[in-house]
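Below is one structure, written out as structure tokens; the observations come after it.
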Amino acid sequence: MVDFLSSPADGGAPGVSTRVYYWGDLSEPPTNWRSIKTKEEGRMISGGSHYGQACIALSNHLLANPAPLVFAARILELGAGVGLLSLVAARICQDRDATGRTEGKRIVATDVDEKVLEMLQENIALNSLDHLVEAKSLDWELASDPAPGQDALHTWRDAVSNGGNCAELIIGADIVYDPSLAGHLAATLRWLLHRKDGSNTPEALIAGTVRSEDTWAFFLEECRSRQLVVEAVPLQTLPDHSGLVGAEGWEGEGEVRLVRIVAA
């Protein structure tokens, strides 16, 4: 398993570093390993935290089991932060497409913090993935608002998906940490997962580091109360330690759990 290398960004703003995350066959020369670069300020993700175990774990799960990414034409990440999970997903899609064009594939990485979104957009360009990944603002609180919020969400969906459905696969990691946001997150998932047009049923894969059993249980209950079905999924990893890993000192934050969520 290959750890990331980190160095200060050349000529960048104070406090900003460029990190390179590697994965691949350790029997191959390092030049053959796959990689993603991210600029990060203070290990920034939405809410001011940092990439934790759950983001790394879900990245590795998708590396080991890319089928959900392969079969989804539209993928949406919630709480993307500076974009590691979406960028890894995009690289997986590229690797699975022999032409490298990933024709018709689209990944929308969302967050609500404008500063985070700016860095997310920089990271998309840094990895030359503009053709596949785009950054969009999405406020979970809109889904909890029965009238104006719903109108705003429909406008958002029309803008993102040209009037169609915005995602067949929703992904998220390290986003279940604040009980005050659990209801808003569950409401957003319900809005994304419930379809009335008879189209393919979407699914969500949400990974979380369980620092508080009460917070995790509260989030799951909020999902179930909104007619969502929650199923625990065993996390998969690549053989021979060839997947992505996190930084020293981030391990042991808590147990990482993965759930699959669909509409009832």
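Each chain in the structure tokens gets a letter, A, B, ..., in the order shown, and its residues are numbered from 1; ligands are numbered from 1 in order too.
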Nearby residues (only C-alpha atoms) at most 9 Å from A:Arg211, same-chain spacing under 4 positions excluded, as an NGL selection string: :A and (177 or 215-216 or 253-255)
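Shell of A:Val229 at 6 Å, with only C-alpha atoms counted and residues fewer than 6 places along the chain excluded, is A:Ile261, A:Val262, A:Ala263, A:Ala264.
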Closest to A:Ala143 among A:Asp214, A:Ile107, A:Ile206, A:Arg226, using only C-alpha atoms?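 The shortest atom-to-atom distance to A:Ala143 comes from A:Arg226.
Neighbours of A:Ser35 closer than or equal to 12 Å, with only C-alpha atoms counted and sequence neighbours fewer than 3 positions away skipped, come out as Val2, Asp3, Phe4, Leu5, Arg19, Val20, Tyr21, Tyr22, Trp23, Gly24, Pro30, Thr31, Asn32, Thr38, Leu84, Leu87, Val88, Ala89, Ala90, Arg91, Ile92, Asp95, Leu126, Asn127, Gly243 and Leu244 of chain A.
One finds atom CA of A:Gly104 at 27.6 Å from atom CA of A:Leu258.
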Residue with smallest distance to A:Glu141 - pool A:Ile171, A:Ala109, A:Val116, A:Ala187, counting only C-alpha atoms: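 Nearest to A:Glu141: A:Ala187.
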Which residues are close to A:Leu69, i.e. within 12 Å by only C-alpha atoms, leaving aside same-chain residues fewer than 3 positions away? Reply as a ChimeraX atom specification. /A:59,61-66,72-77,85-86,88-97,102,105-107,167-171,202-205
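Considering only C-alpha atoms, the residue among A:Asp130, A:Glu221, A:Asp240, A:Glu231 positioned nearest to A:Val259 is A:Glu231.
Closest approach to A:Val82 among A:His131, A:Arg34, A:Lys136, A:His154: A:Lys136, based on only C-alpha atoms.
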Identify, on the basis of only C-alpha atoms, every residue whose closest approach to A:Val256 does not exceed 7 Å; exclude the query and any residue fewer than 3 positions from it along the same chain; express the result as a PyMOL selection string. chain A and resi 53-54+207-210
Compare A:Arg257, A:Lys115, A:Arg157, A:Lys37 by their minimum atom-to-atom distance to A:Ala217, counting only C-alpha atoms, and give me the closest one.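 Nearest candidate to A:Ala217 out of A:Arg257, A:Lys115, A:Arg157, A:Lys37: A:Arg257.
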As a VMD selection string, list the residues of stretch 61-208 of chain A assigned to helix (DSSP H, G or I) by DSSP on the backbone atoms of this structure. chain A and resid 61 to 64 67 to 71 84 to 96 114 to 126 140 to 144 148 to 161 179 to 193
To one decimal place in Å, what is the distance between atom CA of A:Leu185 and atom CA of A:Glu122?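 Computing the Euclidean distance for atom CA of A:Leu185 and atom CA of A:Glu122 yields 25.7 Å.
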Give me, as a VMD selection string, the residues of stretch 34-144 of chain A that a backbone DSSP run labels strand (DSSP E). chain A and resid 34 to 41 74 to 77 106 to 111 133 to 137
Best match for closeness to A:Leu192 among A:Val176, A:Ala57, A:Leu138, A:Leu132, counting only C-alpha atoms: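 Nearest to A:Leu192: A:Leu138.
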Work out how far apart atom CA of A:His241 and atom CA of A:Glu28 are and give it in Å to one decimal. 13.0 Å
